[in-house]
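Containing mmCIF, C-alpha atoms: model_9.cif.
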data_target
loop_
_atom_site.group_PDB
_atom_site.id
_atom_site.type_symbol
_atom_site.label_atom_id
_atom_site.label_comp_id
_atom_site.auth_asym_id
_atom_site.auth_seq_id
_atom_site.Cartn_x
_atom_site.Cartn_y
_atom_site.Cartn_z
ATOM 1 C CA MET A 1 34.936 59.583 141.947
ATOM 2 C CA ARG A 2 35.465 62.663 139.801
ATOM 3 C CA PRO A 3 32.184 64.563 139.578
ATOM 4 C CA ASP A 4 30.504 65.178 136.195
ATOM 5 C CA TRP A 5 31.164 68.937 135.825
ATOM 6 C CA ARG A 6 28.175 69.218 133.453
ATOM 7 C CA SER A 7 25.904 68.680 136.519
ATOM 8 C CA THR A 8 27.574 71.036 138.999
ATOM 9 C CA GLY A 9 25.275 74.019 138.598
ATOM 10 C CA VAL A 10 25.379 77.296 136.731
ATOM 11 C CA ARG A 11 29.152 77.632 136.593
ATOM 12 C CA GLY A 12 29.481 74.162 135.100
ATOM 13 C CA SER A 13 26.759 74.916 132.569
ATOM 14 C CA ILE A 14 28.533 78.078 131.446
ATOM 15 C CA LEU A 15 31.842 76.263 131.142
ATOM 16 C CA TYR A 16 30.241 73.493 129.123
ATOM 17 C CA ALA A 17 28.568 75.994 126.782
ATOM 18 C CA TRP A 18 31.846 77.850 126.350
ATOM 19 C CA LEU A 19 33.716 74.654 125.483
ATOM 20 C CA ARG A 20 31.068 73.643 122.965
ATOM 21 C CA ALA A 21 31.262 77.075 121.341
ATOM 22 C CA ALA A 22 35.063 76.908 121.221
ATOM 23 C CA VAL A 23 34.965 73.495 119.564
ATOM 24 C CA ALA A 24 32.421 74.771 117.024
ATOM 25 C CA ILE A 25 34.555 77.831 116.231
ATOM 26 C CA LEU A 26 37.640 75.679 115.742
ATOM 27 C CA ALA A 27 35.723 73.352 113.441
ATOM 28 C CA LEU A 28 34.365 76.260 111.393
ATOM 29 C CA SER A 29 37.837 77.810 111.218
ATOM 30 C CA ALA A 30 39.238 74.570 109.877
ATOM 31 C CA LEU A 31 36.489 74.332 107.257
ATOM 32 C CA PHE A 32 37.035 77.966 106.280
ATOM 33 C CA ALA A 33 40.765 77.382 105.887
ATOM 34 C CA VAL A 34 40.115 74.395 103.633
ATOM 35 C CA ALA A 35 37.614 76.371 101.574
ATOM 36 C CA MET A 36 40.051 79.261 101.214
ATOM 37 C CA ALA A 37 42.753 76.878 100.083
ATOM 38 C CA GLU A 38 40.381 75.375 97.526
ATOM 39 C CA ASP A 39 39.191 78.790 96.249
ATOM 40 C CA LYS A 40 42.639 80.379 96.061
ATOM 41 C CA PRO A 41 43.427 80.763 92.361
ATOM 42 C CA ALA A 42 46.368 78.889 90.955
ATOM 43 C CA GLU A 43 49.468 80.887 90.138
ATOM 44 C CA ARG A 44 49.043 82.450 86.701
ATOM 45 C CA GLN A 45 51.045 80.833 83.936
ATOM 46 C CA ALA A 46 49.938 83.312 81.243
ATOM 47 C CA LEU A 47 48.031 86.527 80.691
ATOM 48 C CA ARG A 48 44.940 84.995 79.086
ATOM 49 C CA VAL A 49 43.017 87.562 77.047
ATOM 50 C CA CYS A 50 39.475 87.331 75.703
ATOM 51 C CA GLN A 51 39.425 88.872 72.213
ATOM 52 C CA ASP A 52 37.565 89.260 68.941
ATOM 53 C CA PRO A 53 39.620 87.587 66.169
ATOM 54 C CA ASN A 54 38.655 90.175 63.497
ATOM 55 C CA ASN A 55 37.963 93.557 65.057
ATOM 56 C CA LEU A 56 40.660 96.057 64.111
ATOM 57 C CA PRO A 57 41.715 98.491 65.416
ATOM 58 C CA PHE A 58 41.049 96.670 68.695
ATOM 59 C CA SER A 59 42.184 93.095 68.125
ATOM 60 C CA ASN A 60 42.677 90.383 65.567
ATOM 61 C CA ILE A 61 44.045 86.894 65.301
ATOM 62 C CA LYS A 62 47.421 88.252 64.159
ATOM 63 C CA GLY A 63 47.807 90.396 67.288
ATOM 64 C CA GLU A 64 47.777 93.677 65.364
ATOM 65 C CA GLY A 65 45.253 95.669 67.406
ATOM 66 C CA ILE A 66 45.344 98.246 70.191
ATOM 67 C CA GLU A 67 44.244 95.696 72.764
ATOM 68 C CA ASN A 68 46.859 93.207 71.564
ATOM 69 C CA LYS A 69 49.601 95.782 72.092
ATOM 70 C CA ILE A 70 48.309 96.656 75.566
ATOM 71 C CA ALA A 71 48.142 92.944 76.417
ATOM 72 C CA GLU A 72 51.773 92.533 75.340
ATOM 73 C CA LEU A 73 52.722 95.523 77.495
ATOM 74 C CA PHE A 74 50.963 94.004 80.512
ATOM 75 C CA GLY A 75 52.335 90.530 79.863
ATOM 76 C CA LYS A 76 55.871 91.878 79.850
ATOM 77 C CA ALA A 77 55.255 93.785 83.091
ATOM 78 C CA LEU A 78 53.845 90.639 84.732
ATOM 79 C CA GLY A 79 56.569 88.385 83.340
ATOM 80 C CA LEU A 80 53.923 86.220 81.646
ATOM 81 C CA PRO A 81 53.355 85.068 78.065
ATOM 82 C CA VAL A 82 50.163 86.383 76.448
ATOM 83 C CA THR A 83 47.590 83.914 75.152
ATOM 84 C CA TYR A 84 44.230 84.588 73.515
ATOM 85 C CA TYR A 85 40.822 82.989 73.490
ATOM 86 C CA SER A 86 38.935 84.285 70.462
ATOM 87 C CA PHE A 87 35.225 84.697 69.887
ATOM 88 C CA PRO A 88 33.388 87.238 67.664
ATOM 89 C CA GLN A 89 32.488 90.268 69.773
ATOM 90 C CA ARG A 90 28.860 90.300 68.903
ATOM 91 C CA LEU A 91 25.975 88.799 70.866
ATOM 92 C CA ALA A 92 26.904 87.044 74.142
ATOM 93 C CA PHE A 93 30.645 87.750 73.897
ATOM 94 C CA ILE A 94 31.203 87.830 77.674
ATOM 95 C CA ARG A 95 29.161 84.686 78.244
ATOM 96 C CA ASN A 96 31.224 82.833 75.645
ATOM 97 C CA THR A 97 34.628 84.094 76.797
ATOM 98 C CA LEU A 98 35.171 85.523 80.292
ATOM 99 C CA ARG A 99 32.323 83.507 81.838
ATOM 100 C CA PHE A 100 32.765 80.361 79.747
ATOM 101 C CA LYS A 101 33.789 77.314 81.751
ATOM 102 C CA LEU A 102 33.327 73.627 81.009
ATOM 103 C CA PRO A 103 32.943 71.186 83.932
ATOM 104 C CA GLY A 104 36.314 70.184 85.296
ATOM 105 C CA GLU A 105 38.151 72.783 83.225
ATOM 106 C CA ASP A 106 39.494 76.271 83.876
ATOM 107 C CA TYR A 107 38.270 79.491 82.313
ATOM 108 C CA PRO A 108 39.888 80.025 78.886
ATOM 109 C CA CYS A 109 40.629 83.721 79.486
ATOM 110 C CA ASP A 110 40.757 86.180 82.370
ATOM 111 C CA ILE A 111 40.474 89.719 81.005
ATOM 112 C CA VAL A 112 38.690 91.776 78.356
ATOM 113 C CA ILE A 113 40.922 94.704 77.407
ATOM 114 C CA GLY A 114 38.162 97.037 76.221
ATOM 115 C CA VAL A 115 34.726 97.561 77.822
ATOM 116 C CA PRO A 116 32.747 100.746 78.504
ATOM 117 C CA ALA A 117 33.061 102.081 82.038
ATOM 118 C CA GLY A 118 29.930 101.024 83.906
ATOM 119 C CA TYR A 119 29.402 97.863 81.841
ATOM 120 C CA ASP A 120 27.584 95.544 84.230
ATOM 121 C CA GLN A 121 28.448 92.128 82.747
ATOM 122 C CA VAL A 122 31.979 92.309 84.143
ATOM 123 C CA SER A 123 33.832 93.790 87.090
ATOM 124 C CA VAL A 124 35.059 97.003 85.492
ATOM 125 C CA THR A 125 38.440 98.574 86.209
ATOM 126 C CA LYS A 126 39.201 102.282 86.301
ATOM 127 C CA PRO A 127 39.037 103.838 82.791
ATOM 128 C CA TYR A 128 42.186 104.111 80.708
ATOM 129 C CA TYR A 129 40.947 106.292 77.867
ATOM 130 C CA HIS A 130 38.073 108.592 76.919
ATOM 131 C CA SER A 131 36.993 108.831 73.279
ATOM 132 C CA THR A 132 33.958 109.775 71.236
ATOM 133 C CA TYR A 133 32.194 109.187 67.935
ATOM 134 C CA ALA A 134 33.552 111.092 64.961
ATOM 135 C CA LEU A 135 32.599 112.413 61.552
ATOM 136 C CA VAL A 136 34.853 111.077 58.784
ATOM 137 C CA PHE A 137 34.857 112.571 55.287
ATOM 138 C CA PRO A 138 37.229 113.030 52.317
ATOM 139 C CA LYS A 139 39.239 116.204 52.102
ATOM 140 C CA GLY A 140 38.466 118.488 49.178
ATOM 141 C CA LYS A 141 34.811 117.555 48.815
ATOM 142 C CA GLY A 142 33.241 120.790 50.015
ATOM 143 C CA MET A 143 33.495 120.126 53.756
ATOM 144 C CA ASP A 144 37.020 121.313 54.527
ATOM 145 C CA GLN A 145 35.673 124.075 56.784
ATOM 146 C CA VAL A 146 34.020 121.512 59.069
ATOM 147 C CA ALA A 147 35.858 121.292 62.401
ATOM 148 C CA SER A 148 32.919 120.264 64.607
ATOM 149 C CA ALA A 149 29.457 118.754 64.426
ATOM 150 C CA GLU A 150 28.073 122.288 64.679
ATOM 151 C CA ASP A 151 30.036 123.297 61.558
ATOM 152 C CA PHE A 152 28.689 120.260 59.752
ATOM 153 C CA LEU A 153 25.084 121.210 60.553
ATOM 154 C CA LYS A 154 25.756 124.738 59.245
ATOM 155 C CA LEU A 155 26.566 123.474 55.754
ATOM 156 C CA ASP A 156 24.332 124.760 53.006
ATOM 157 C CA ALA A 157 20.932 123.062 53.153
ATOM 158 C CA ALA A 158 21.246 121.811 49.570
ATOM 159 C CA LYS A 159 24.654 120.332 50.364
ATOM 160 C CA LEU A 160 23.385 118.621 53.498
ATOM 161 C CA SER A 161 20.346 117.162 51.773
ATOM 162 C CA ALA A 162 22.520 115.585 49.073
ATOM 163 C CA LEU A 163 24.937 113.819 51.445
ATOM 164 C CA ARG A 164 25.026 110.060 51.954
ATOM 165 C CA ILE A 165 25.891 109.544 55.623
ATOM 166 C CA GLY A 166 26.955 106.033 56.620
ATOM 167 C CA ILE A 167 26.039 104.923 60.135
ATOM 168 C CA TYR A 168 25.626 101.711 62.083
ATOM 169 C CA ASP A 169 22.039 101.029 63.078
ATOM 170 C CA ARG A 170 21.124 101.417 66.763
ATOM 171 C CA SER A 171 24.198 103.562 67.357
ATOM 172 C CA PRO A 172 24.221 107.125 68.733
ATOM 173 C CA ALA A 173 24.655 108.289 65.132
ATOM 174 C CA SER A 174 21.111 107.090 64.368
ATOM 175 C CA ASP A 175 19.731 109.219 67.195
ATOM 176 C CA TRP A 176 21.786 112.194 66.069
ATOM 177 C CA LEU A 177 20.499 112.045 62.494
ATOM 178 C CA SER A 178 16.943 111.799 63.784
ATOM 179 C CA LYS A 179 17.433 114.732 66.154
ATOM 180 C CA HIS A 180 18.742 116.953 63.356
ATOM 181 C CA GLU A 181 16.260 115.793 60.690
ATOM 182 C CA LEU A 182 18.861 114.031 58.570
ATOM 183 C CA VAL A 183 17.322 110.560 58.589
ATOM 184 C CA GLU A 184 16.782 110.608 54.826
ATOM 185 C CA GLN A 185 20.510 111.145 54.333
ATOM 186 C CA GLY A 186 21.435 108.163 56.487
ATOM 187 C CA VAL A 187 22.754 104.934 54.966
ATOM 188 C CA PRO A 188 22.369 102.283 57.711
ATOM 189 C CA TYR A 189 24.707 99.332 58.223
ATOM 190 C CA LYS A 190 23.939 96.358 60.460
ATOM 191 C CA ILE A 191 25.729 96.566 63.797
ATOM 192 C CA MET A 192 25.274 92.796 64.240
ATOM 193 C CA ASN A 193 26.550 90.866 61.227
ATOM 194 C CA ALA A 194 26.786 87.087 61.112
ATOM 195 C CA ASP A 195 29.596 87.194 58.530
ATOM 196 C CA PRO A 196 32.863 86.385 60.387
ATOM 197 C CA ASP A 197 34.855 88.300 57.762
ATOM 198 C CA GLN A 198 32.941 91.535 58.379
ATOM 199 C CA TYR A 199 34.657 94.204 60.493
ATOM 200 C CA PRO A 200 33.491 97.654 61.673
ATOM 201 C CA GLY A 201 36.019 99.612 59.623
ATOM 202 C CA GLU A 202 34.567 98.409 56.318
ATOM 203 C CA ILE A 203 32.224 101.387 56.287
ATOM 204 C CA ILE A 204 35.312 103.624 55.922
ATOM 205 C CA GLU A 205 37.885 101.411 54.249
ATOM 206 C CA LYS A 206 35.571 100.160 51.522
ATOM 207 C CA ASP A 207 32.543 102.381 51.060
ATOM 208 C CA LEU A 208 33.687 105.850 52.156
ATOM 209 C CA ALA A 209 37.053 105.496 50.416
ATOM 210 C CA ALA A 210 35.341 104.251 47.252
ATOM 211 C CA GLY A 211 32.930 107.188 47.145
ATOM 212 C CA LYS A 212 29.798 105.178 47.941
ATOM 213 C CA LEU A 213 29.376 107.414 50.993
ATOM 214 C CA ASP A 214 30.127 111.108 51.514
ATOM 215 C CA VAL A 215 30.412 110.934 55.313
ATOM 216 C CA ALA A 216 30.583 108.230 57.972
ATOM 217 C CA ILE A 217 29.834 108.572 61.686
ATOM 218 C CA VAL A 218 31.598 105.868 63.700
ATOM 219 C CA TRP A 219 33.231 105.251 67.081
ATOM 220 C CA GLY A 220 36.395 107.338 67.364
ATOM 221 C CA PRO A 221 39.061 104.595 67.464
ATOM 222 C CA ILE A 222 37.600 103.077 64.289
ATOM 223 C CA ALA A 223 37.483 106.499 62.641
ATOM 224 C CA GLY A 224 41.053 107.419 63.547
ATOM 225 C CA TYR A 225 42.630 104.089 62.667
ATOM 226 C CA PHE A 226 41.067 103.614 59.256
ATOM 227 C CA ALA A 227 41.388 107.283 58.313
ATOM 228 C CA GLN A 228 45.162 107.085 58.775
ATOM 229 C CA ARG A 229 45.360 103.699 57.070
ATOM 230 C CA ILE A 230 43.729 105.001 53.888
ATOM 231 C CA LYS A 231 46.062 107.173 51.840
ATOM 232 C CA THR A 232 43.729 108.058 48.963
ATOM 233 C CA PRO A 233 41.519 109.953 49.447
ATOM 234 C CA VAL A 234 42.850 111.837 52.456
ATOM 235 C CA LEU A 235 40.235 111.509 55.198
ATOM 236 C CA VAL A 236 39.380 114.058 57.873
ATOM 237 C CA VAL A 237 38.336 112.955 61.383
ATOM 238 C CA VAL A 238 36.195 115.338 63.447
ATOM 239 C CA PRO A 239 35.365 114.221 67.023
ATOM 240 C CA MET A 240 31.749 114.864 68.013
ATOM 241 C CA LYS A 241 30.555 116.249 71.334
ATOM 242 C CA SER A 242 27.662 114.620 73.147
ATOM 243 C CA GLU A 243 24.384 116.520 73.161
ATOM 244 C CA PRO A 244 21.300 116.327 75.361
ATOM 245 C CA GLY A 245 19.652 113.065 74.335
ATOM 246 C CA VAL A 246 22.630 111.828 72.297
ATOM 247 C CA LYS A 247 25.705 110.408 74.061
ATOM 248 C CA PHE A 248 28.753 110.159 71.813
ATOM 249 C CA ASP A 249 31.616 110.080 74.328
ATOM 250 C CA TYR A 250 32.520 107.056 76.459
ATOM 251 C CA GLN A 251 35.253 106.194 78.924
ATOM 252 C CA MET A 252 36.782 102.800 78.236
ATOM 253 C CA ALA A 253 38.065 100.380 80.849
ATOM 254 C CA MET A 254 38.982 96.702 81.212
ATOM 255 C CA GLY A 255 36.852 93.885 82.572
ATOM 256 C CA VAL A 256 37.521 90.864 84.791
ATOM 257 C CA ARG A 257 35.208 88.353 86.457
ATOM 258 C CA TYR A 258 33.249 89.401 89.523
ATOM 259 C CA GLY A 259 34.837 88.201 92.750
ATOM 260 C CA GLU A 260 38.436 88.450 91.521
ATOM 261 C CA ARG A 261 39.320 91.518 93.582
ATOM 262 C CA GLU A 262 43.088 91.003 93.734
ATOM 263 C CA TRP A 263 43.313 90.430 89.979
ATOM 264 C CA LYS A 264 41.308 93.580 89.312
ATOM 265 C CA GLN A 265 43.582 95.575 91.632
ATOM 266 C CA GLN A 266 46.637 94.191 89.849
ATOM 267 C CA ILE A 267 45.258 95.262 86.467
ATOM 268 C CA GLU A 268 44.380 98.704 87.795
ATOM 269 C CA GLY A 269 47.933 99.024 89.061
ATOM 270 C CA LEU A 270 49.194 98.296 85.552
ATOM 271 C CA ILE A 271 46.773 100.825 84.037
ATOM 272 C CA GLU A 272 48.259 103.427 86.352
ATOM 273 C CA SER A 273 51.934 102.477 86.092
ATOM 274 C CA LYS A 274 51.832 101.996 82.301
ATOM 275 C CA HIS A 275 49.720 105.081 81.594
ATOM 276 C CA SER A 276 52.240 106.795 79.310
ATOM 277 C CA GLU A 277 52.878 103.621 77.296
ATOM 278 C CA ILE A 278 49.132 103.017 76.901
ATOM 279 C CA GLN A 279 48.605 106.587 75.697
ATOM 280 C CA ALA A 280 51.428 106.157 73.177
ATOM 281 C CA ILE A 281 49.722 103.040 71.786
ATOM 282 C CA LEU A 282 46.401 104.872 71.471
ATOM 283 C CA LYS A 283 48.097 107.789 69.708
ATOM 284 C CA ALA A 284 49.867 105.464 67.268
ATOM 285 C CA TYR A 285 46.496 104.021 66.274
ATOM 286 C CA GLY A 286 44.941 107.455 65.761
ATOM 287 C CA VAL A 287 42.463 107.216 68.630
ATOM 288 C CA PRO A 288 40.794 110.606 69.294
ATOM 289 C CA ILE A 289 41.267 111.261 73.025
ATOM 290 C CA VAL A 290 38.802 113.759 74.506
ATOM 291 C CA ASP A 291 38.162 115.426 77.831
ATOM 292 C CA ALA A 292 35.114 116.261 79.904
ATOM 293 C CA SER A 293 34.137 119.079 77.540
ATOM 294 C CA TYR A 294 32.832 116.418 75.142
ATOM 295 C CA GLU A 295 30.229 115.246 77.620
ATOM 296 C CA ALA A 296 26.675 116.500 77.160
ATOM 297 C CA SER A 297 25.955 119.746 78.982
ATOM 298 C CA LYS A 298 23.565 119.314 81.879
ATOM 299 C CA PRO A 299 20.188 121.093 81.571
#

Could you write out this structure as structure tokens?
Amino acid sequence: MRPDWRSTGVRGSILYAWLRAAVAILALSALFAVAMAEDKPAERQALRVCQDPNNLPFSNIKGEGIENKIAELFGKALGLPVTYYSFPQRLAFIRNTLRFKLPGEDYPCDIVIGVPAGYDQVSVTKPYYHSTYALVFPKGKGMDQVASAEDFLKLDAAKLSALRIGIYDRSPASDWLSKHELVEQGVPYKIMNADPDQYPGEIIEKDLAAGKLDVAIVWGPIAGYFAQRIKTPVLVVVPMKSEPGVKFDYQMAMGVRYGEREWKQQIEGLIESKHSEIQAILKAYGVPIVDASYEASKP
């Protein structure tokens, strides 16, 4: 009779333990392989972009924005058609786009083309441009000598006190006016507006151009785009440097879902390989591009 090797002493016990461990490892490996097969994303059929439908110069439903043009550039490089999932970029934009998923369905979009570097609601790529807030004012209205925020603050006190300066509430412009004792000159606009037809450039395109404001302080891409779109009056755009306590400049990146490492790497590869084309798009839209000198000096 063949002996039961499980009862033959220490050597048999070791062998038995080893065999049990081997069986367990094989079982776990099989489960892991199945899980990996289940988690592996399906082959992409389109470059699916999360966008705001009415947010020029960044995006709109007609595909006329900076981010639309970059998406088209990437789609062509990937050999994929570009599709959009639109939601107003106000409160809970990421939750209602990039993270939105109904049971049994796929995500409606896979990338946000413009997010600040360091934004923690998404997995952020390397930056692809660096811009800053800007002063915008009509030429020929007594401010033609202004080439910086410092020049603006050196205007005659009577001139400064009479200005109507349009800003969005809770923006760095609010802090800047407070720091330089210009709060009384500020004309605040709501940064969160429930009206779907409202867009950030209205402050320039409607009120500054119509003379309801003397100056506007807005994010650089908005300033540059609408200043070049308006022909009368001619508008001047002056990029503003960050100051201690007031950050105006930001590096902008793209965002994907956490856990999608390969997709993020693919997008970062496109940011690098299509750098010159991206910069050409930004230039065409009048985006003020700045360097590290616009960052606040360290104390």

**Asked** Exactly which residues make up the result of the PyMOL selection byres ((chain A and resi 179-183) around 9) on this file, given as a list of chain:residue names?
**Response** A:Leu153, A:Leu160, A:Ser161, A:Ile165, A:Ser174, A:Asp175, A:Trp176, A:Leu177, A:Ser178, A:Glu184, A:Gln185, A:Gly186, A:Val187, A:Gly245, A:Val246

**Request:** List the residues matched by the PyMOL selection byres ((chain A and resi 143) around 10) in the displayed structure as JSON, numbers by chain, ordered by chain and then by residue number.
**Result:** {"A": [137, 138, 139, 140, 141, 142, 144, 145, 146, 147, 151, 152, 155, 159, 214, 215, 236]}

**Request:** Enumerate, as a list in words, the residues matched when the PyMOL selection byres ((chain A and resi 287) around 9) is run on the file above.
**Result:**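 What the PyMOL selection byres ((chain A and resi 287) around 9) grabs from the file is Ser131, Gly220, Pro221, Ile222, Ala223, Gly224, Tyr225, Ile281, Leu282, Lys283, Ala284, Tyr285, Gly286, Pro288 and Ile289 of chain A.
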
**Request:** Go ahead and compute the interatomic distance for CA of Leu213 in chain A and CA of Leu91 in chain A, in Å to one decimal.
**Result:**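 So the two atoms, CA of Leu213 in chain A and CA of Leu91 in chain A, lie 27.4 Å apart.
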
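Straight-line separation from CA of Ala157 in chain A to CA of Glu205 in chain A: 27.5 Å.
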
**Message:** Let me make sure I understand: among A:Gly118, A:Pro88, A:Gly201, A:Pro196, which one has the smallest atom-to-atom distance to Tyr168 in chain A if we use only C-alpha atoms?
**Reply:**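 Answer, going by the shortest atom-to-atom distance: A:Gly201.
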
**CA of Lys69 in chain A to CA of Ile94 in chain A, straight-line distance in Å** =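 So the two atoms, CA of Ile94 in chain A and CA of Lys69 in chain A, lie 20.8 Å apart.
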
With all atoms of range 153-167 of chain A from the file as input, state the centre and edge lengths in Å to one decimal of the axis-aligned box that has 4 Å extra on each side, as lines of an AutoDock Vina configuration file.
center_x = 23.7
center_y = 114.8
center_z = 54.8
size_x = 14.6
size_y = 27.8
size_z = 19.5

**Minimum-distance residue to Lys206 in chain A, chosen among A:Thr232, A:Trp219, A:Asn60, A:Met192 (using only C-alpha atoms)** =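 Between A:Thr232, A:Trp219, A:Asn60, A:Met192, the residue approaching Lys206 in chain A most closely is A:Thr232.
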
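Using only C-alpha atoms, the smallest distance between any of A:Leu56, A:Ala46, A:Ile217, A:Ile204 and Ala71 in chain A comes from A:Ala46.
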
**Prompt:** Quick one: of A:Gln279, A:Pro108, A:Tyr250, A:Gln45, who's nearest to Asn96 in chain A, counting all atoms listed in the file?
**Reply:**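 Selected residue with least distance to Asn96 in chain A: A:Pro108.
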
**Item:** Residue contacts of Met240 in chain A (7 Å, only C-alpha atoms) excluding same-chain residues fewer than 5 positions away, as a ChimeraX atom specification
**Value:** /A:132-135,148-149,248

**Nearest residue to Thr83 in chain A from the set A:Asp110, A:Asp156, A:Leu47, A:Val115 (distances using only C-alpha atoms)** =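 Of all the options, A:Leu47 lies closest to Thr83 in chain A.
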
**Asked** Of the residues A:Asn68, A:Ser242, A:Gln198, A:Ser273, which is the one nearest to Ile113 in chain A, using only C-alpha atoms?
**Response** A:Asn68

**Request:** Find the spatial neighbours of Trp263 in chain A, counting all atoms listed in the file, within a cut-off of 12 Å - ignore same-chain residues fewer than 3 positions away - and output them as a PyMOL selection string.
**Result:** chain A and resi 40-44+47+78+110-111+123-125+254-260+266-270

Since the input has fewer atoms than a full residue there, write range 130-136 of chain A out with all heavy atoms, as a PDB file, keeping the file's coordinate frame.
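Output saved as result.pdb:
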ATOM      1  N   HIS A 130      39.365 107.938  77.104  1.00  0.00           N
ATOM      2  CA  HIS A 130      38.073 108.592  76.919  1.00  0.00           C
ATOM      3  C   HIS A 130      38.019 109.043  75.469  1.00  0.00           C
ATOM      4  O   HIS A 130      38.821 109.869  75.036  1.00  0.00           O
ATOM      5  CB  HIS A 130      37.977 109.792  77.874  1.00  0.00           C
ATOM      6  CG  HIS A 130      36.659 110.486  77.877  1.00  0.00           C
ATOM      7  ND1 HIS A 130      36.434 111.633  78.623  1.00  0.00           N
ATOM      8  CD2 HIS A 130      35.487 110.226  77.238  1.00  0.00           C
ATOM      9  CE1 HIS A 130      35.182 112.036  78.450  1.00  0.00           C
ATOM     10  NE2 HIS A 130      34.596 111.199  77.611  1.00  0.00           N
ATOM     11  N   SER A 131      37.098 108.471  74.691  1.00  0.00           N
ATOM     12  CA  SER A 131      36.993 108.831  73.279  1.00  0.00           C
ATOM     13  C   SER A 131      35.541 109.138  72.931  1.00  0.00           C
ATOM     14  O   SER A 131      34.664 109.134  73.808  1.00  0.00           O
ATOM     15  CB  SER A 131      37.556 107.719  72.389  1.00  0.00           C
ATOM     16  OG  SER A 131      37.711 108.168  71.047  1.00  0.00           O
ATOM     17  N   THR A 132      35.294 109.379  71.664  1.00  0.00           N
ATOM     18  CA  THR A 132      33.958 109.775  71.236  1.00  0.00           C
ATOM     19  C   THR A 132      33.742 109.397  69.780  1.00  0.00           C
ATOM     20  O   THR A 132      34.697 109.065  69.054  1.00  0.00           O
ATOM     21  CB  THR A 132      33.767 111.296  71.422  1.00  0.00           C
ATOM     22  OG1 THR A 132      32.397 111.631  71.205  1.00  0.00           O
ATOM     23  CG2 THR A 132      34.633 112.097  70.446  1.00  0.00           C
ATOM     24  N   TYR A 133      32.503 109.417  69.345  1.00  0.00           N
ATOM     25  CA  TYR A 133      32.194 109.187  67.935  1.00  0.00           C
ATOM     26  C   TYR A 133      32.745 110.340  67.105  1.00  0.00           C
ATOM     27  O   TYR A 133      32.978 111.442  67.613  1.00  0.00           O
ATOM     28  CB  TYR A 133      30.685 109.064  67.732  1.00  0.00           C
ATOM     29  CG  TYR A 133      30.163 107.673  68.004  1.00  0.00           C
ATOM     30  CD1 TYR A 133      30.104 107.171  69.303  1.00  0.00           C
ATOM     31  CD2 TYR A 133      29.741 106.846  66.972  1.00  0.00           C
ATOM     32  CE1 TYR A 133      29.637 105.892  69.565  1.00  0.00           C
ATOM     33  CE2 TYR A 133      29.261 105.560  67.212  1.00  0.00           C
ATOM     34  CZ  TYR A 133      29.218 105.094  68.511  1.00  0.00           C
ATOM     35  OH  TYR A 133      28.764 103.827  68.754  1.00  0.00           O
ATOM     36  N   ALA A 134      32.950 110.068  65.816  1.00  0.00           N
ATOM     37  CA  ALA A 134      33.552 111.092  64.961  1.00  0.00           C
ATOM     38  C   ALA A 134      32.942 111.080  63.566  1.00  0.00           C
ATOM     39  O   ALA A 134      32.523 110.030  63.059  1.00  0.00           O
ATOM     40  CB  ALA A 134      35.059 110.877  64.861  1.00  0.00           C
ATOM     41  N   LEU A 135      32.909 112.259  62.976  1.00  0.00           N
ATOM     42  CA  LEU A 135      32.599 112.413  61.552  1.00  0.00           C
ATOM     43  C   LEU A 135      33.858 112.095  60.755  1.00  0.00           C
ATOM     44  O   LEU A 135      34.956 112.530  61.130  1.00  0.00           O
ATOM     45  CB  LEU A 135      32.185 113.845  61.242  1.00  0.00           C
ATOM     46  CG  LEU A 135      30.837 114.354  61.768  1.00  0.00           C
ATOM     47  CD1 LEU A 135      30.826 115.874  61.766  1.00  0.00           C
ATOM     48  CD2 LEU A 135      29.707 113.820  60.900  1.00  0.00           C
ATOM     49  N   VAL A 136      33.722 111.355  59.667  1.00  0.00           N
ATOM     50  CA  VAL A 136      34.853 111.077  58.784  1.00  0.00           C
ATOM     51  C   VAL A 136      34.411 111.406  57.363  1.00  0.00           C
ATOM     52  O   VAL A 136      33.353 110.955  56.914  1.00  0.00           O
ATOM     53  CB  VAL A 136      35.288 109.598  58.853  1.00  0.00           C
ATOM     54  CG1 VAL A 136      36.589 109.397  58.065  1.00  0.00           C
ATOM     55  CG2 VAL A 136      35.456 109.143  60.286  1.00  0.00           C
TER      56      VAL A 136
END
